[in-house]
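S.K.: upload15.cif is the file, holding mmCIF, C-alpha atoms and all ligand atoms:
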```cif
data_protein
loop_
_atom_site.group_PDB
_atom_site.id
_atom_site.type_symbol
_atom_site.label_atom_id
_atom_site.label_comp_id
_atom_site.auth_asym_id
_atom_site.auth_seq_id
_atom_site.Cartn_x
_atom_site.Cartn_y
_atom_site.Cartn_z
ATOM 1 C CA MET A 1 -24.594 -8.087 10.111
ATOM 2 C CA SER A 2 -21.586 -6.361 8.532
ATOM 3 C CA PRO A 3 -20.880 -2.855 9.776
ATOM 4 C CA ARG A 4 -21.081 0.306 7.688
ATOM 5 C CA HIS A 5 -17.691 1.703 6.666
ATOM 6 C CA PHE A 6 -16.560 5.060 5.304
ATOM 7 C CA LEU A 7 -13.728 4.321 2.898
ATOM 8 C CA THR A 8 -14.887 6.725 0.209
ATOM 9 C CA LEU A 9 -17.839 9.095 -0.189
ATOM 10 C CA ARG A 10 -19.630 6.377 -2.141
ATOM 11 C CA ASP A 11 -20.129 4.322 1.005
ATOM 12 C CA LEU A 12 -22.948 6.650 2.053
ATOM 13 C CA SER A 13 -26.009 7.648 0.067
ATOM 14 C CA LYS A 14 -26.630 11.241 -0.981
ATOM 15 C CA GLU A 15 -29.301 11.469 1.714
ATOM 16 C CA GLU A 16 -26.965 10.148 4.393
ATOM 17 C CA LEU A 17 -24.226 12.580 3.370
ATOM 18 C CA GLY A 18 -26.704 15.456 3.423
ATOM 19 C CA TYR A 19 -27.772 14.371 6.897
ATOM 20 C CA LEU A 20 -24.129 14.320 8.102
ATOM 21 C CA ILE A 21 -23.518 17.889 6.910
ATOM 22 C CA GLN A 22 -26.610 19.173 8.736
ATOM 23 C CA ARG A 23 -25.741 17.136 11.820
ATOM 24 C CA ALA A 24 -22.169 18.504 11.821
ATOM 25 C CA ILE A 25 -23.547 22.058 11.806
ATOM 26 C CA GLU A 26 -25.913 21.120 14.635
ATOM 27 C CA LEU A 27 -23.159 19.478 16.724
ATOM 28 C CA LYS A 28 -21.023 22.599 16.263
ATOM 29 C CA THR A 29 -23.815 24.789 17.629
ATOM 30 C CA MET A 30 -24.390 22.401 20.535
ATOM 31 C CA LEU A 31 -20.704 22.527 21.418
ATOM 32 C CA ARG A 32 -20.637 26.344 21.205
ATOM 33 C CA ASN A 33 -23.656 26.464 23.544
ATOM 34 C CA GLY A 34 -21.868 24.250 26.050
ATOM 35 C CA GLN A 35 -24.436 21.500 25.597
ATOM 36 C CA ARG A 36 -23.086 18.091 26.660
ATOM 37 C CA HIS A 37 -23.731 15.290 24.210
ATOM 38 C CA GLU A 38 -22.091 11.951 24.975
ATOM 39 C CA PRO A 39 -23.497 9.319 22.619
ATOM 40 C CA LEU A 40 -20.213 7.350 22.610
ATOM 41 C CA ARG A 41 -19.728 6.978 26.351
ATOM 42 C CA GLY A 42 -17.723 3.811 27.010
ATOM 43 C CA LYS A 43 -16.819 3.480 23.319
ATOM 44 C CA THR A 44 -13.279 3.445 21.917
ATOM 45 C CA LEU A 45 -11.869 4.504 18.554
ATOM 46 C CA GLY A 46 -8.660 2.816 17.361
ATOM 47 C CA MET A 47 -6.567 5.213 15.278
ATOM 48 C CA ILE A 48 -3.936 3.706 12.975
ATOM 49 C CA PHE A 49 -1.535 6.272 11.527
ATOM 50 C CA GLU A 50 1.074 5.156 8.996
ATOM 51 C CA LYS A 51 1.525 8.769 7.836
ATOM 52 C CA ALA A 52 1.910 12.029 9.743
ATOM 53 C CA SER A 53 -1.097 14.100 10.828
ATOM 54 C CA THR A 54 -2.069 17.140 12.858
ATOM 55 C CA ARG A 55 -5.717 17.897 12.040
ATOM 56 C CA THR A 56 -6.949 14.350 11.588
ATOM 57 C CA ARG A 57 -5.459 13.030 14.787
ATOM 58 C CA VAL A 58 -6.514 15.963 16.945
ATOM 59 C CA SER A 59 -10.024 16.163 15.503
ATOM 60 C CA PHE A 60 -10.746 12.455 15.958
ATOM 61 C CA GLU A 61 -9.261 12.324 19.461
ATOM 62 C CA THR A 62 -11.014 15.482 20.590
ATOM 63 C CA GLY A 63 -14.263 14.336 19.016
ATOM 64 C CA MET A 64 -14.163 11.063 20.947
ATOM 65 C CA THR A 65 -13.405 12.912 24.193
ATOM 66 C CA GLN A 66 -16.296 15.322 23.664
ATOM 67 C CA PHE A 67 -18.593 12.373 22.932
ATOM 68 C CA GLY A 68 -17.671 10.740 26.247
ATOM 69 C CA GLY A 69 -15.533 8.037 24.637
ATOM 70 C CA ALA A 70 -11.835 7.325 24.268
ATOM 71 C CA SER A 71 -9.314 6.861 21.493
ATOM 72 C CA ILE A 72 -6.080 4.923 21.078
ATOM 73 C CA PHE A 73 -3.314 6.237 18.838
ATOM 74 C CA LEU A 74 -1.576 3.335 17.068
ATOM 75 C CA SER A 75 1.559 3.903 15.030
ATOM 76 C CA PRO A 76 3.281 1.099 13.097
ATOM 77 C CA ARG A 77 6.463 1.913 15.006
ATOM 78 C CA ASP A 78 4.950 0.758 18.279
ATOM 79 C CA THR A 79 2.534 -1.947 17.149
ATOM 80 C CA GLN A 80 2.898 -5.344 15.510
ATOM 81 C CA LEU A 81 1.529 -3.809 12.302
ATOM 82 C CA GLY A 82 4.975 -2.345 11.768
ATOM 83 C CA ARG A 83 6.561 -5.770 12.260
ATOM 84 C CA GLY A 84 4.519 -7.435 9.574
ATOM 85 C CA GLU A 85 1.436 -8.781 11.380
ATOM 86 C CA PRO A 86 -1.063 -9.236 8.534
ATOM 87 C CA ILE A 87 -3.758 -6.571 8.118
ATOM 88 C CA GLU A 88 -6.427 -9.287 8.227
ATOM 89 C CA ASP A 89 -5.246 -10.470 11.650
ATOM 90 C CA SER A 90 -4.882 -6.947 13.009
ATOM 91 C CA ALA A 91 -8.398 -6.124 11.835
ATOM 92 C CA ARG A 92 -9.894 -9.208 13.467
ATOM 93 C CA VAL A 93 -8.125 -8.591 16.771
ATOM 94 C CA LEU A 94 -8.629 -4.820 17.043
ATOM 95 C CA SER A 95 -12.270 -4.971 16.036
ATOM 96 C CA ARG A 96 -13.021 -7.415 18.865
ATOM 97 C CA MET A 97 -11.976 -4.693 21.305
ATOM 98 C CA VAL A 98 -12.678 -1.243 19.909
ATOM 99 C CA ASP A 99 -15.942 0.156 18.513
ATOM 100 C CA ALA A 100 -14.559 1.801 15.374
ATOM 101 C CA VAL A 101 -11.217 2.072 13.619
ATOM 102 C CA MET A 102 -9.742 4.992 11.717
ATOM 103 C CA ILE A 103 -6.849 4.350 9.322
ATOM 104 C CA ARG A 104 -4.393 6.680 7.582
ATOM 105 C CA THR A 105 -2.154 4.746 5.244
ATOM 106 C CA PHE A 106 -0.593 4.495 1.790
ATOM 107 C CA GLU A 107 -2.325 1.911 -0.445
ATOM 108 C CA HIS A 108 -6.084 2.255 -0.510
ATOM 109 C CA SER A 109 -6.316 -1.538 -0.754
ATOM 110 C CA LYS A 110 -5.029 -1.767 2.834
ATOM 111 C CA VAL A 111 -8.033 0.186 4.123
ATOM 112 C CA GLU A 112 -10.323 -2.049 2.063
ATOM 113 C CA LEU A 113 -8.691 -5.209 3.369
ATOM 114 C CA PHE A 114 -8.906 -3.998 6.951
ATOM 115 C CA ALA A 115 -12.606 -3.205 6.479
ATOM 116 C CA GLU A 116 -13.267 -6.628 4.977
ATOM 117 C CA TYR A 117 -12.024 -8.311 8.152
ATOM 118 C CA SER A 118 -13.325 -5.794 10.676
ATOM 119 C CA GLN A 119 -16.417 -6.347 12.809
ATOM 120 C CA VAL A 120 -16.684 -2.612 13.480
ATOM 121 C CA PRO A 121 -16.928 0.476 11.239
ATOM 122 C CA VAL A 122 -13.704 1.495 9.498
ATOM 123 C CA ILE A 123 -13.018 5.088 8.466
ATOM 124 C CA ASN A 124 -10.506 6.076 5.800
ATOM 125 C CA ALA A 125 -8.566 8.959 7.338
ATOM 126 C CA LEU A 126 -6.539 9.376 4.100
ATOM 127 C CA SER A 127 -5.092 6.861 1.710
ATOM 128 C CA ASP A 128 -3.001 7.475 -1.404
ATOM 129 C CA ASP A 129 -6.270 7.523 -3.365
ATOM 130 C CA PHE A 130 -8.952 9.223 -1.229
ATOM 131 C CA HIS A 131 -9.490 11.607 1.696
ATOM 132 C CA PRO A 132 -13.263 11.507 2.272
ATOM 133 C CA CYS A 133 -13.265 12.960 5.819
ATOM 134 C CA GLN A 134 -11.802 16.198 4.472
ATOM 135 C CA LEU A 135 -14.667 16.473 2.000
ATOM 136 C CA LEU A 136 -17.248 16.329 4.785
ATOM 137 C CA ALA A 137 -15.524 19.307 6.417
ATOM 138 C CA ASP A 138 -15.198 21.174 3.110
ATOM 139 C CA VAL A 139 -18.857 20.757 2.190
ATOM 140 C CA GLN A 140 -19.887 21.746 5.718
ATOM 141 C CA THR A 141 -17.747 24.886 5.448
ATOM 142 C CA PHE A 142 -19.185 25.851 2.067
ATOM 143 C CA THR A 143 -22.727 25.256 3.358
ATOM 144 C CA GLU A 144 -22.151 27.460 6.405
ATOM 145 C CA HIS A 145 -20.780 30.339 4.328
ATOM 146 C CA ARG A 146 -22.827 30.118 1.145
ATOM 147 C CA GLY A 147 -25.662 27.596 1.577
ATOM 148 C CA ASN A 148 -26.159 24.417 -0.431
ATOM 149 C CA ILE A 149 -23.265 23.499 -2.739
ATOM 150 C CA LYS A 150 -25.651 21.835 -5.202
ATOM 151 C CA GLY A 151 -25.318 23.327 -8.684
ATOM 152 C CA LYS A 152 -22.256 25.419 -7.781
ATOM 153 C CA LYS A 153 -19.004 25.482 -9.754
ATOM 154 C CA VAL A 154 -15.930 24.199 -7.918
ATOM 155 C CA LEU A 155 -12.411 24.549 -9.303
ATOM 156 C CA TRP A 156 -9.719 22.103 -8.222
ATOM 157 C CA VAL A 157 -6.239 23.460 -8.976
ATOM 158 C CA GLY A 158 -3.098 21.325 -9.149
ATOM 159 C CA ASP A 159 -2.427 17.662 -8.564
ATOM 160 C CA GLY A 160 -4.930 14.959 -9.480
ATOM 161 C CA ASN A 161 -4.314 13.382 -6.069
ATOM 162 C CA ASN A 162 -6.290 11.792 -3.219
ATOM 163 C CA MET A 163 -8.082 15.064 -2.421
ATOM 164 C CA CYS A 164 -8.920 15.639 -6.079
ATOM 165 C CA ASN A 165 -10.319 12.105 -6.347
ATOM 166 C CA SER A 166 -12.539 12.699 -3.349
ATOM 167 C CA TYR A 167 -13.677 15.999 -4.899
ATOM 168 C CA MET A 168 -14.703 14.067 -8.015
ATOM 169 C CA GLU A 169 -16.785 11.704 -5.911
ATOM 170 C CA ALA A 170 -18.205 14.643 -3.993
ATOM 171 C CA ALA A 171 -19.265 16.330 -7.247
ATOM 172 C CA GLN A 172 -21.573 13.413 -7.877
ATOM 173 C CA GLN A 173 -22.684 12.854 -4.287
ATOM 174 C CA PHE A 174 -23.399 16.534 -3.568
ATOM 175 C CA ASP A 175 -24.350 17.408 -7.141
ATOM 176 C CA PHE A 176 -21.930 20.198 -8.091
ATOM 177 C CA GLU A 177 -19.844 20.957 -11.181
ATOM 178 C CA LEU A 178 -16.098 20.297 -10.803
ATOM 179 C CA VAL A 179 -13.383 21.661 -13.067
ATOM 180 C CA VAL A 180 -9.885 20.241 -12.572
ATOM 181 C CA SER A 181 -6.998 22.422 -13.728
ATOM 182 C CA GLY A 182 -3.444 21.104 -13.518
ATOM 183 C CA PRO A 183 -0.444 20.292 -15.699
ATOM 184 C CA GLU A 184 -0.184 17.414 -18.124
ATOM 185 C CA ASN A 185 0.877 14.097 -16.587
ATOM 186 C CA TYR A 186 -0.739 14.956 -13.238
ATOM 187 C CA ASP A 187 -4.381 14.509 -14.174
ATOM 188 C CA PRO A 188 -6.624 12.456 -11.909
ATOM 189 C CA PRO A 189 -7.062 8.784 -12.900
ATOM 190 C CA GLN A 190 -8.807 8.493 -16.268
ATOM 191 C CA ALA A 191 -11.201 5.859 -14.903
ATOM 192 C CA LEU A 192 -12.583 8.364 -12.376
ATOM 193 C CA VAL A 193 -12.727 11.183 -14.944
ATOM 194 C CA ASP A 194 -14.738 8.887 -17.219
ATOM 195 C CA GLU A 195 -16.980 7.647 -14.450
ATOM 196 C CA PHE A 196 -17.840 11.155 -13.260
ATOM 197 C CA SER A 197 -17.878 12.774 -16.703
ATOM 198 C CA SER A 198 -21.351 14.284 -16.086
ATOM 199 C CA TYR A 199 -19.891 16.297 -13.208
ATOM 200 C CA VAL A 200 -16.167 16.695 -13.944
ATOM 201 C CA THR A 201 -14.193 18.399 -16.720
ATOM 202 C CA LEU A 202 -10.470 19.019 -17.187
ATOM 203 C CA GLU A 203 -9.256 22.489 -18.233
ATOM 204 C CA ARG A 204 -5.509 23.201 -18.565
ATOM 205 C CA ASP A 205 -5.986 26.994 -18.719
ATOM 206 C CA ILE A 206 -6.222 27.957 -15.050
ATOM 207 C CA ASN A 207 -7.623 31.447 -15.789
ATOM 208 C CA LYS A 208 -10.356 30.090 -17.996
ATOM 209 C CA ALA A 209 -11.085 27.401 -15.409
ATOM 210 C CA ALA A 210 -11.587 30.037 -12.689
ATOM 211 C CA GLU A 211 -14.358 31.892 -14.516
ATOM 212 C CA GLY A 212 -17.545 31.798 -12.476
ATOM 213 C CA ALA A 213 -16.120 29.464 -9.803
ATOM 214 C CA HIS A 214 -17.902 29.607 -6.430
ATOM 215 C CA LEU A 215 -15.158 27.647 -4.703
ATOM 216 C CA ILE A 216 -11.460 27.269 -5.521
ATOM 217 C CA VAL A 217 -9.537 24.479 -3.823
ATOM 218 C CA THR A 218 -5.950 23.341 -4.017
ATOM 219 C CA ASP A 219 -3.485 21.084 -2.207
ATOM 220 C CA VAL A 220 0.247 20.471 -1.965
ATOM 221 C CA TRP A 221 2.189 19.632 -5.128
ATOM 222 C CA ALA A 222 3.882 16.625 -3.527
ATOM 223 C CA SER A 223 1.763 14.518 -1.185
ATOM 224 C CA MET A 224 3.016 12.375 1.677
ATOM 225 C CA GLY A 225 5.091 9.588 0.161
ATOM 226 C CA GLN A 226 6.119 11.716 -2.859
ATOM 227 C CA GLU A 227 8.781 13.787 -1.103
ATOM 228 C CA GLU A 228 11.536 12.732 -3.482
ATOM 229 C CA GLU A 229 9.528 14.108 -6.441
ATOM 230 C CA GLN A 230 9.289 17.587 -4.875
ATOM 231 C CA ALA A 231 11.744 19.364 -7.228
ATOM 232 C CA LYS A 232 10.336 17.781 -10.381
ATOM 233 C CA ARG A 233 6.792 18.581 -9.290
ATOM 234 C CA ALA A 234 7.627 22.186 -8.370
ATOM 235 C CA LYS A 235 8.689 22.694 -11.977
ATOM 236 C CA ALA A 236 5.652 20.973 -13.451
ATOM 237 C CA PHE A 237 3.151 22.861 -11.252
ATOM 238 C CA ALA A 238 4.749 26.335 -11.493
ATOM 239 C CA ASP A 239 1.816 27.775 -13.490
ATOM 240 C CA TYR A 240 -0.765 26.423 -11.067
ATOM 241 C CA GLN A 241 -0.376 28.637 -8.019
ATOM 242 C CA VAL A 242 -3.605 29.994 -6.506
ATOM 243 C CA THR A 243 -3.327 33.753 -5.965
ATOM 244 C CA ARG A 244 -5.609 36.634 -5.016
ATOM 245 C CA GLU A 245 -5.633 37.608 -8.694
ATOM 246 C CA LEU A 246 -6.980 34.176 -9.614
ATOM 247 C CA LEU A 247 -9.784 34.572 -7.055
ATOM 248 C CA ASP A 248 -10.567 37.988 -8.623
ATOM 249 C CA GLN A 249 -11.350 36.199 -11.885
ATOM 250 C CA ALA A 250 -13.843 33.827 -10.258
ATOM 251 C CA HIS A 251 -17.422 34.441 -9.081
ATOM 252 C CA GLU A 252 -17.717 37.544 -6.890
ATOM 253 C CA GLU A 253 -18.686 35.352 -3.921
ATOM 254 C CA VAL A 254 -15.844 32.848 -4.421
ATOM 255 C CA LEU A 255 -14.376 31.037 -1.408
ATOM 256 C CA PHE A 256 -10.938 29.473 -1.136
ATOM 257 C CA MET A 257 -10.171 26.192 0.672
ATOM 258 C CA HIS A 258 -7.081 24.066 1.283
ATOM 259 C CA CYS A 259 -7.028 20.904 3.388
ATOM 260 C CA LEU A 260 -3.673 22.034 4.896
ATOM 261 C CA PRO A 261 -0.808 21.874 5.584
ATOM 262 C CA ALA A 262 -0.122 24.581 2.963
ATOM 263 C CA HIS A 263 3.132 25.634 1.325
ATOM 264 C CA ARG A 264 3.161 29.398 0.830
ATOM 265 C CA GLY A 265 5.023 30.357 -2.317
ATOM 266 C CA GLU A 266 4.228 27.006 -3.937
ATOM 267 C CA GLU A 267 0.586 26.000 -4.487
ATOM 268 C CA ILE A 268 -0.630 29.274 -2.894
ATOM 269 C CA SER A 269 0.765 32.804 -2.887
ATOM 270 C CA HIS A 270 2.240 34.061 0.396
ATOM 271 C CA ASP A 271 -0.777 36.282 1.153
ATOM 272 C CA LEU A 272 -3.623 33.973 0.152
ATOM 273 C CA LEU A 273 -4.581 32.554 3.539
ATOM 274 C CA GLU A 274 -4.983 36.125 4.864
ATOM 275 C CA ASP A 275 -7.463 36.999 2.106
ATOM 276 C CA PRO A 276 -11.043 37.356 3.416
ATOM 277 C CA ARG A 277 -12.209 34.881 0.766
ATOM 278 C CA SER A 278 -10.075 32.154 2.345
ATOM 279 C CA VAL A 279 -11.981 30.021 4.862
ATOM 280 C CA VAL A 280 -9.235 27.515 5.645
ATOM 281 C CA TRP A 281 -9.383 27.910 9.433
ATOM 282 C CA ASP A 282 -13.130 27.240 9.522
ATOM 283 C CA GLU A 283 -12.476 24.330 7.182
ATOM 284 C CA ALA A 284 -9.826 22.902 9.544
ATOM 285 C CA GLU A 285 -12.098 23.322 12.592
ATOM 286 C CA ASN A 286 -14.944 21.613 10.796
ATOM 287 C CA ARG A 287 -12.936 18.389 10.639
ATOM 288 C CA LEU A 288 -13.920 18.039 14.297
ATOM 289 C CA HIS A 289 -17.642 18.624 13.838
ATOM 290 C CA ALA A 290 -17.994 16.659 10.591
ATOM 291 C CA GLN A 291 -16.165 13.620 11.975
ATOM 292 C CA LYS A 292 -18.231 13.716 15.160
ATOM 293 C CA ALA A 293 -21.320 13.503 12.958
ATOM 294 C CA LEU A 294 -19.694 10.612 11.088
ATOM 295 C CA LEU A 295 -18.704 8.729 14.262
ATOM 296 C CA GLU A 296 -22.154 9.138 15.778
ATOM 297 C CA PHE A 297 -23.747 7.861 12.578
ATOM 298 C CA LEU A 298 -21.438 4.872 12.130
ATOM 299 C CA VAL A 299 -21.197 3.756 15.742
ATOM 300 C CA THR A 300 -24.741 4.395 16.994
ATOM 301 C CA GLY A 301 -26.543 4.105 13.665
ATOM 302 C CA THR A 302 -28.497 7.293 14.423
ATOM 303 C CA HIS A 303 -29.646 9.326 11.443
HETATM 304 N N1 LIG A 401 -5.951 17.975 6.187
HETATM 305 C C1 LIG A 401 -5.421 16.972 6.916
HETATM 306 O O1 LIG A 401 -5.805 15.806 6.791
HETATM 307 O O2 LIG A 401 -4.467 17.368 7.802
HETATM 308 P P1 LIG A 401 -3.483 16.432 8.648
HETATM 309 O O3 LIG A 401 -2.542 15.773 7.676
HETATM 310 O O4 LIG A 401 -2.790 17.387 9.573
HETATM 311 O O5 LIG A 401 -4.295 15.424 9.384
HETATM 312 N N1 LIG A 402 -2.636 15.289 -0.631
HETATM 313 C C1 LIG A 402 -2.085 15.463 0.703
HETATM 314 C C2 LIG A 402 -3.183 15.733 1.688
HETATM 315 C C3 LIG A 402 -2.710 15.952 3.103
HETATM 316 C C4 LIG A 402 -3.833 16.154 4.080
HETATM 317 C C5 LIG A 402 -1.286 14.220 1.078
HETATM 318 O O1 LIG A 402 -1.748 13.107 0.808
HETATM 319 O O2 LIG A 402 -0.202 14.367 1.646
#
```
Produce structure tokens that represent the structure in this file.

M.R.:
Amino acid sequence: MSPRHFLTLRDLSKEELGYLIQRAIELKTMLRNGQRHEPLRGKTLGMIFEKASTRTRVSFETGMTQFGGASIFLSPRDTQLGRGEPIEDSARVLSRMVDAVMIRTFEHSKVELFAEYSQVPVINALSDDFHPCQLLADVQTFTEHRGNIKGKKVLWVGDGNNMCNSYMEAAQQFDFELVVSGPENYDPPQALVDEFSSYVTLERDINKAAEGAHLIVTDVWASMGQEEEQAKRAKAFADYQVTRELLDQAHEEVLFMHCLPAHRGEEISHDLLEDPRSVVWDEAENRLHAQKALLEFLVTGTH
């Protein structure tokens, strides 16, 4: 039987995603109460990182430790992956030893290829095209602060990047309205905009886009791998900074999220993360709880 993977939010049904959010909230409470829960005792997570990470690495490693399991950090610099061993071979070998694999890489097709040849669940921990784990944490955070996200208006500001793509998928999977506001030439892929047209609209006017928004989200202007475009992008995105004044124009109960790391003075104003409407630290912490729910679901099949 082929294992379940989590390469994008579409790999799970709406019901399964809803279950994961509730389970993440439950696991957080259990941890706070000092309740031991070790469903992955004796299990190992392989963690392939071809890009830098703070939150993703620490949340997955800590999650495995709390679950009674172990994790192995694999960087291309120290493994044969970096010396050209084919993905297919690496997937077949690693998945005969570990119980799940997490991959952060560039081309999304690499994650897909790895999953095709893997005997164990594969988790996309960020590719150039999607960042589904972050969405689990974001939806958990919204749910904790404001209840169900269904029917709410979410505004994505800035680049039509991997996070934005996952927000488009989330709009469908969690049933919310998404408005994307960014400069010309940096829109999300037209194929996704068309596919999710019942949930997603584009609005160049950032102030208009903010009206009535229950959640405003943004991300860096230049993602990992786009460093050399930084100056050009800074110019293009200059009108798309999220500020306290922008939040003032949204719904009175608006929340602000950012997957982090953030660049103050670029995509957000210097004071934004200190604003009481910003919940970025809860959002970062929830990577731990949401991914524990995901690991438990994928590795033990419990739901
Ligand atoms: N948000 C996020 O994925 O952070 P890291 O790059 O630090 O893992
Ligand atoms: N869009 C960013 C997200 C980082 C977590 C990047 O890909 O670098």

S.K.: When the cut-off is 12 Å and you count all atoms listed in the file, which residues lie near ligand LIG 402 (chain A), shown as a ChimeraX atom specification?

M.R.: /A:50-57,104-108,125-135,158-167,217-227,230,258-263,267,284,287

S.K.: Which residues, written as a ChimeraX atom specification, have at least one atom at most 7 Å from region 34-47 of chain A, with only C-alpha atoms counted and residues fewer than 4 positions away on the same chain left out?

M.R.: /A:30,66-74,98-103,296

S.K.: Separation of CA of Val200 (chain A) and atom N1 of ligand LIG 401 (chain A), in Å?

M.R.: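 Taking CA of Val200 (chain A) and atom N1 of ligand LIG 401 (chain A), their separation equals 22.6 Å.
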
S.K.: Pick the closest to ligand LIG 401 (chain A) from A:Gly182, A:Val157, A:Glu283, A:Met97: which is it, counting all atoms listed in the file?

M.R.: A:Glu283

S.K.: I'd like the interatomic distance between CA of Ala213 (chain A) and CA of Ala137 (chain A), to a tenth of an Å.

M.R.: 19.1 Å

S.K.: For the file shown, report as a PDB file with C-alpha atoms, in the coordinates of the input the outcome of the PyMOL selection byres (((chain A and resi 24-27) around 8) and not hetatm) at residue level.

M.R.:
```pdb
ATOM      1  CA  LEU A  20     -24.129  14.320   8.102  1.00  0.00           C
ATOM      2  CA  ILE A  21     -23.518  17.889   6.910  1.00  0.00           C
ATOM      3  CA  GLN A  22     -26.610  19.173   8.736  1.00  0.00           C
ATOM      4  CA  ARG A  23     -25.741  17.136  11.820  1.00  0.00           C
ATOM      5  CA  LYS A  28     -21.023  22.599  16.263  1.00  0.00           C
ATOM      6  CA  THR A  29     -23.815  24.789  17.629  1.00  0.00           C
ATOM      7  CA  MET A  30     -24.390  22.401  20.535  1.00  0.00           C
ATOM      8  CA  LEU A  31     -20.704  22.527  21.418  1.00  0.00           C
ATOM      9  CA  GLN A 140     -19.887  21.746   5.718  1.00  0.00           C
ATOM     10  CA  GLU A 144     -22.151  27.460   6.405  1.00  0.00           C
ATOM     11  CA  ASN A 286     -14.944  21.613  10.796  1.00  0.00           C
ATOM     12  CA  HIS A 289     -17.642  18.624  13.838  1.00  0.00           C
ATOM     13  CA  ALA A 290     -17.994  16.659  10.591  1.00  0.00           C
ATOM     14  CA  GLN A 291     -16.165  13.620  11.975  1.00  0.00           C
ATOM     15  CA  LYS A 292     -18.231  13.716  15.160  1.00  0.00           C
ATOM     16  CA  ALA A 293     -21.320  13.503  12.958  1.00  0.00           C
TER      17      ALA A 293
END
```

S.K.: With 5 Å added on each side, what axis-aligned box encloses every listed atom of ligand LIG 401 (chain A)? Give the centre and edge lengths in Å to one decimal, as JSON.

M.R.:
```
{"center_x": -4.2, "center_y": 16.7, "center_z": 7.9, "size_x": 13.4, "size_y": 12.6, "size_z": 13.4}
```

S.K.: Give me, please, the distance in Å between CA of Asn207 (chain A) and atom C1 of ligand LIG 401 (chain A), quoted to one decimal.

M.R.: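 So the answer is 27.0 Å.
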
S.K.: Step by step, work through what the PyMOL selection byres (((chain A and resi 119) around 8) and not hetatm) selects in the shown file, and finish by giving those residues as a list of chain:residue names.

M.R.: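 Selected by the PyMOL selection byres (((chain A and resi 119) around 8) and not hetatm) here: A:Ser2, A:Pro3, A:Arg92, A:Ser95, A:Arg96, A:Tyr117, A:Ser118, A:Val120, A:Pro121.
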
S.K.: I'd like the neighbourhood of Glu252 (chain A) as a ChimeraX atom specification, where a residue qualifies if any of its atoms comes within 12 Å (using only C-alpha atoms), though same-chain residues fewer than 6 positions away should be ignored.

M.R.: /A:210-215,246,277

S.K.: As a list of chain:residue names, please: the residues near Ser75 (chain A) (cut-off 6 Å, all atoms listed in the file, same-chain neighbours under 3 positions excluded).

M.R.: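 Final neighbour list, sorted by chain and number: A:Ile48, A:Phe49, A:Asp78.
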
S.K.: Which residue is closest to ligand LIG 401 (chain A)? Choose from A:Val58, A:Ala231, A:Leu178, A:Leu17 and count all atoms listed in the file.

M.R.: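 Checking each of A:Val58, A:Ala231, A:Leu178, A:Leu17 against ligand LIG 401 (chain A), counting all atoms listed in the file, the winner is A:Val58.
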
S.K.: List as a PyMOL selection string the protein and nucleic acid residues near His145 (chain A), meaning an atom at most 12 Å away when all atoms listed in the file are counted, but skip any in the same chain fewer than 3 places from it.

M.R.: chain A and resi 25+138-142+148-149+214-215+253-257+277-280+282-283

S.K.: Rank A:Ser198, A:Gln249, A:Gln172, A:Ser59 by their smallest atom-to-atom distance to ligand LIG 401 (chain A), using all atoms listed in the file, and report the top residue only.

M.R.: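 Residue with the minimum atom-to-atom distance to ligand LIG 401 (chain A): A:Ser59.
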
S.K.: Name the residues that the PyMOL selection byres (((chain A and resi 199) around 12) and not hetatm) picks from the file above, as a PyMOL selection string, using the file's chain letters and numbers.

M.R.: chain A and resi 150-155+167-180+192-198+200-202

S.K.: For the selection just defined, write its residues with C-alpha atoms to a file, as a short mmCIF file (atom, residue, chain, number, x, y, z; two decimals), in the coordinates of the input.

M.R.:
```cif
data_model
loop_
_atom_site.label_atom_id
_atom_site.label_comp_id
_atom_site.auth_asym_id
_atom_site.auth_seq_id
_atom_site.Cartn_x
_atom_site.Cartn_y
_atom_site.Cartn_z
CA LYS A 150 -25.65 21.84 -5.20
CA GLY A 151 -25.32 23.33 -8.68
CA LYS A 152 -22.26 25.42 -7.78
CA LYS A 153 -19.00 25.48 -9.75
CA VAL A 154 -15.93 24.20 -7.92
CA LEU A 155 -12.41 24.55 -9.30
CA TYR A 167 -13.68 16.00 -4.90
CA MET A 168 -14.70 14.07 -8.02
CA GLU A 169 -16.78 11.70 -5.91
CA ALA A 170 -18.20 14.64 -3.99
CA ALA A 171 -19.26 16.33 -7.25
CA GLN A 172 -21.57 13.41 -7.88
CA GLN A 173 -22.68 12.85 -4.29
CA PHE A 174 -23.40 16.53 -3.57
CA ASP A 175 -24.35 17.41 -7.14
CA PHE A 176 -21.93 20.20 -8.09
CA GLU A 177 -19.84 20.96 -11.18
CA LEU A 178 -16.10 20.30 -10.80
CA VAL A 179 -13.38 21.66 -13.07
CA VAL A 180 -9.88 20.24 -12.57
CA LEU A 192 -12.58 8.36 -12.38
CA VAL A 193 -12.73 11.18 -14.94
CA ASP A 194 -14.74 8.89 -17.22
CA GLU A 195 -16.98 7.65 -14.45
CA PHE A 196 -17.84 11.16 -13.26
CA SER A 197 -17.88 12.77 -16.70
CA SER A 198 -21.35 14.28 -16.09
CA VAL A 200 -16.17 16.70 -13.94
CA THR A 201 -14.19 18.40 -16.72
CA LEU A 202 -10.47 19.02 -17.19
#
```

S.K.: Give me, as a ChimeraX atom specification, all polymer residues having an atom no more than 10 Å from Gly265 (chain A), counting only C-alpha atoms and skipping those fewer than 4 positions away in the same chain.

M.R.: /A:241-243,269-272
